[in-house]
Amino acid sequence: LAGFARAGDEPALRLLCARVADHDSDVRLAACEALYHLAERGNKIVGTAVRKHMQCWRSEVRRTATKAIGQLGKRGGEPSIKALCKCFEDTDAVVRTVALESLRRLSSRGDALTLAELCARLGHPQTETRVVVLQALRRFCSKEG
């Protein structure tokens, strides 16, 4: 579908949003990938549909959804920033890395919401989560960015 529709094509976006909730994880993955290419930044309907699958059991779907939120989320948008920070708790290292890259696209140094979400995870029992949170804090607290 992404090869036939144009960016921002509302009927195509509605169809893809419905497929993001498909029972088949391969279909969910393909829908997230297509939305990544077709949707425009800040589209609330697409953002909501994709965020729901950032916790999918299948790591490939979580990775793609996390990447899509970084591409499509509204800069400074609370739902997307919270969802990305939650991804730092993921067991998959690639999801955590993609979440950090995506957060860099949607937030800025000193952003109060981002800093609060990160600080809330400093005591997380998973070492990998604490490491990526410290990396993110370094980026969002530093003068260089």
# chains A, B, ... in the order shown; residues from 1 in each chain; ligands from 1

$ residues_around --residues "region 120-123 of chain A" --least-positions-apart "6" --cutoff "8 Å" --atoms "only C-alpha atoms" --output "list in words"
Thr129, Arg130, Val133 and Leu134 of chain A

$ residues_around --residues "Gly76 (chain A)" --least-positions-apart "4" --cutoff "12 Å" --atoms "only C-alpha atoms" --output "ChimeraX atom specification"
/A:41-42,70,72,80-82,84,102-114

$ write_last_selection --atoms "all heavy atoms" --output "short mmCIF file (atom, residue, chain, number, x, y, z; two decimals), in the first residue's frame"
data_model
loop_
_atom_site.label_atom_id
_atom_site.label_comp_id
_atom_site.auth_asym_id
_atom_site.auth_seq_id
_atom_site.Cartn_x
_atom_site.Cartn_y
_atom_site.Cartn_z
N ARG A 41 3.97 13.81 10.39
CA ARG A 41 4.25 14.07 11.80
C ARG A 41 3.05 14.74 12.47
O ARG A 41 2.44 15.64 11.93
CB ARG A 41 5.48 14.97 11.92
CG ARG A 41 5.86 15.27 13.36
CD ARG A 41 7.16 16.00 13.49
NE ARG A 41 8.32 15.24 13.06
CZ ARG A 41 8.90 14.27 13.77
NH1 ARG A 41 8.42 13.93 14.94
NH2 ARG A 41 9.96 13.64 13.30
N GLY A 42 2.74 14.25 13.67
CA GLY A 42 1.69 14.85 14.48
C GLY A 42 0.30 14.32 14.22
O GLY A 42 -0.65 14.77 14.85
N GLY A 70 8.95 7.91 16.59
CA GLY A 70 9.99 8.92 16.45
C GLY A 70 9.85 9.73 15.18
O GLY A 70 10.16 10.93 15.14
N LEU A 72 6.82 10.05 13.47
CA LEU A 72 5.49 10.60 13.30
C LEU A 72 4.99 11.42 14.48
O LEU A 72 4.06 12.19 14.35
CB LEU A 72 4.49 9.46 13.05
CG LEU A 72 4.82 8.54 11.88
CD1 LEU A 72 3.86 7.36 11.86
CD2 LEU A 72 4.79 9.30 10.58
N SER A 80 3.64 10.56 23.20
CA SER A 80 4.77 9.92 22.53
C SER A 80 6.01 9.89 23.41
O SER A 80 6.72 8.87 23.47
CB SER A 80 5.09 10.63 21.21
OG SER A 80 4.01 10.50 20.32
N ILE A 81 6.29 10.96 24.12
CA ILE A 81 7.46 11.00 25.00
C ILE A 81 7.32 9.96 26.11
O ILE A 81 8.25 9.21 26.40
CB ILE A 81 7.69 12.42 25.56
CG1 ILE A 81 8.20 13.32 24.43
CG2 ILE A 81 8.67 12.41 26.72
CD1 ILE A 81 8.29 14.78 24.78
N LYS A 82 6.14 9.88 26.71
CA LYS A 82 5.91 8.88 27.76
C LYS A 82 6.06 7.46 27.23
O LYS A 82 6.66 6.60 27.87
CB LYS A 82 4.54 9.08 28.40
CG LYS A 82 4.48 10.27 29.32
CD LYS A 82 3.14 10.36 30.02
CE LYS A 82 3.18 11.45 31.08
NZ LYS A 82 1.99 11.41 31.93
N LEU A 84 7.80 6.45 24.62
CA LEU A 84 9.20 6.17 24.30
C LEU A 84 10.02 5.90 25.57
O LEU A 84 10.85 5.00 25.58
CB LEU A 84 9.81 7.33 23.50
CG LEU A 84 9.30 7.46 22.07
CD1 LEU A 84 9.77 8.77 21.45
CD2 LEU A 84 9.73 6.27 21.23
N SER A 102 14.52 7.86 18.82
CA SER A 102 13.23 8.49 18.58
C SER A 102 12.98 9.63 19.56
O SER A 102 12.44 10.67 19.18
CB SER A 102 12.11 7.45 18.69
OG SER A 102 12.20 6.53 17.62
N LEU A 103 13.37 9.43 20.80
CA LEU A 103 13.19 10.48 21.80
C LEU A 103 14.01 11.72 21.43
O LEU A 103 13.56 12.85 21.63
CB LEU A 103 13.59 9.97 23.19
CG LEU A 103 13.27 10.88 24.37
CD1 LEU A 103 11.77 11.13 24.47
CD2 LEU A 103 13.78 10.28 25.66
N ARG A 104 15.17 11.52 20.86
CA ARG A 104 16.00 12.65 20.41
C ARG A 104 15.29 13.47 19.35
O ARG A 104 15.51 14.67 19.23
CB ARG A 104 17.33 12.14 19.87
CG ARG A 104 18.26 11.69 20.95
CD ARG A 104 19.55 11.14 20.39
NE ARG A 104 20.46 10.79 21.46
CZ ARG A 104 21.44 9.92 21.34
NH1 ARG A 104 21.66 9.31 20.19
NH2 ARG A 104 22.22 9.66 22.38
N ARG A 105 14.42 12.82 18.57
CA ARG A 105 13.68 13.55 17.53
C ARG A 105 12.51 14.35 18.10
O ARG A 105 12.09 15.33 17.51
CB ARG A 105 13.14 12.56 16.49
CG ARG A 105 14.19 11.96 15.62
CD ARG A 105 13.54 11.13 14.51
NE ARG A 105 14.56 10.45 13.76
CZ ARG A 105 14.86 9.16 13.90
NH1 ARG A 105 14.18 8.41 14.74
NH2 ARG A 105 15.81 8.61 13.19
N LEU A 106 11.96 13.88 19.22
CA LEU A 106 10.72 14.47 19.73
C LEU A 106 10.90 15.39 20.93
O LEU A 106 9.98 16.09 21.31
CB LEU A 106 9.72 13.37 20.10
CG LEU A 106 9.27 12.46 18.97
CD1 LEU A 106 8.21 11.49 19.46
CD2 LEU A 106 8.76 13.26 17.79
N SER A 107 12.05 15.34 21.56
CA SER A 107 12.25 16.15 22.75
C SER A 107 13.50 17.01 22.58
O SER A 107 14.24 16.87 21.62
CB SER A 107 12.40 15.23 23.97
OG SER A 107 12.39 15.99 25.16
N SER A 108 13.70 17.87 23.55
CA SER A 108 14.86 18.75 23.49
C SER A 108 15.52 18.83 24.86
O SER A 108 14.92 18.45 25.87
CB SER A 108 14.45 20.15 23.00
OG SER A 108 13.46 20.67 23.85
N ARG A 109 16.74 19.33 24.89
CA ARG A 109 17.47 19.48 26.14
C ARG A 109 16.66 20.26 27.14
O ARG A 109 16.04 21.27 26.81
CB ARG A 109 18.80 20.20 25.90
CG ARG A 109 19.92 19.26 25.61
CD ARG A 109 21.21 20.00 25.38
NE ARG A 109 21.21 20.39 23.96
CZ ARG A 109 21.42 21.60 23.52
NH1 ARG A 109 21.71 22.57 24.34
NH2 ARG A 109 21.37 21.87 22.25
N GLY A 110 16.63 19.77 28.37
CA GLY A 110 15.96 20.47 29.44
C GLY A 110 14.45 20.30 29.50
O GLY A 110 13.80 20.87 30.37
N ASP A 111 13.87 19.52 28.60
CA ASP A 111 12.42 19.31 28.60
C ASP A 111 11.99 18.66 29.92
O ASP A 111 12.44 17.57 30.26
CB ASP A 111 12.01 18.44 27.41
CG ASP A 111 10.52 18.18 27.39
OD1 ASP A 111 9.76 19.11 27.11
OD2 ASP A 111 10.13 17.03 27.69
N ALA A 112 11.11 19.33 30.65
CA ALA A 112 10.72 18.88 31.99
C ALA A 112 10.05 17.51 31.97
O ALA A 112 10.33 16.66 32.83
CB ALA A 112 9.80 19.91 32.63
N LEU A 113 9.16 17.28 31.02
CA LEU A 113 8.48 15.98 30.95
C LEU A 113 9.47 14.86 30.69
O LEU A 113 9.44 13.83 31.37
CB LEU A 113 7.41 16.00 29.84
CG LEU A 113 6.76 14.65 29.54
CD1 LEU A 113 5.98 14.14 30.76
CD2 LEU A 113 5.85 14.77 28.33
N THR A 114 10.35 15.06 29.74
CA THR A 114 11.35 14.03 29.41
C THR A 114 12.23 13.74 30.62
O THR A 114 12.44 12.57 30.96
CB THR A 114 12.21 14.48 28.22
OG1 THR A 114 11.36 14.72 27.10
CG2 THR A 114 13.25 13.44 27.86
#

$ atom_distance --atom1 "CA of Pro79 (chain A)" --atom2 "CA of Arg62 (chain A)"
16.1 Å

$ closest_residue --among "A:Asp9, A:Glu78, A:Glu117, A:Glu60" --to "Leu38 (chain A)" --atoms "only C-alpha atoms"
A:Asp9

$ closest_residue --among "A:Ala39, A:Val132, A:Leu29, A:Leu137" --to "Glu10 (chain A)" --atoms "only C-alpha atoms"
A:Ala39

$ residues_around --residues "Cys87 (chain A)" --least-positions-apart "6" --cutoff "10 Å" --atoms "only C-alpha atoms" --output "list in words"
Met54, Gln55, Arg62, Arg63, Thr66, Ile81, Ala93, Val95, Arg96, Thr97, Val98, Ala99, Leu100 and Thr129 of chain A

$ residues_around --residues "Val20 (chain A)" --least-positions-apart "3" --cutoff "6 Å" --atoms "only C-alpha atoms" --output "list of chain:residue names"
A:Cys17, A:Arg28, A:Ala31

$ write_last_selection --atoms "all heavy atoms" --output "tab-separated table (two decimals), in the first residue's frame"
chain	number	residue	atom	x	y	z
A	17	CYS	N	-4.25	2.01	9.87
A	17	CYS	CA	-4.49	2.06	11.33
A	17	CYS	C	-5.32	0.87	11.78
A	17	CYS	O	-5.07	0.31	12.85
A	17	CYS	CB	-5.18	3.37	11.71
A	17	CYS	SG	-4.07	4.79	11.72
A	28	ARG	N	0.50	-6.61	11.47
A	28	ARG	CA	0.77	-5.44	12.32
A	28	ARG	C	2.11	-4.82	11.97
A	28	ARG	O	2.25	-3.60	11.87
A	28	ARG	CB	0.75	-5.84	13.80
A	28	ARG	CG	-0.63	-6.17	14.32
A	28	ARG	CD	-0.67	-6.25	15.84
A	28	ARG	NE	0.27	-7.19	16.41
A	28	ARG	CZ	0.01	-8.46	16.69
A	28	ARG	NH1	-1.18	-8.97	16.42
A	28	ARG	NH2	0.93	-9.23	17.25
A	31	ALA	N	1.88	-3.01	8.64
A	31	ALA	CA	1.09	-1.79	8.77
A	31	ALA	C	1.92	-0.69	9.44
A	31	ALA	O	1.90	0.47	8.99
A	31	ALA	CB	-0.18	-2.06	9.56
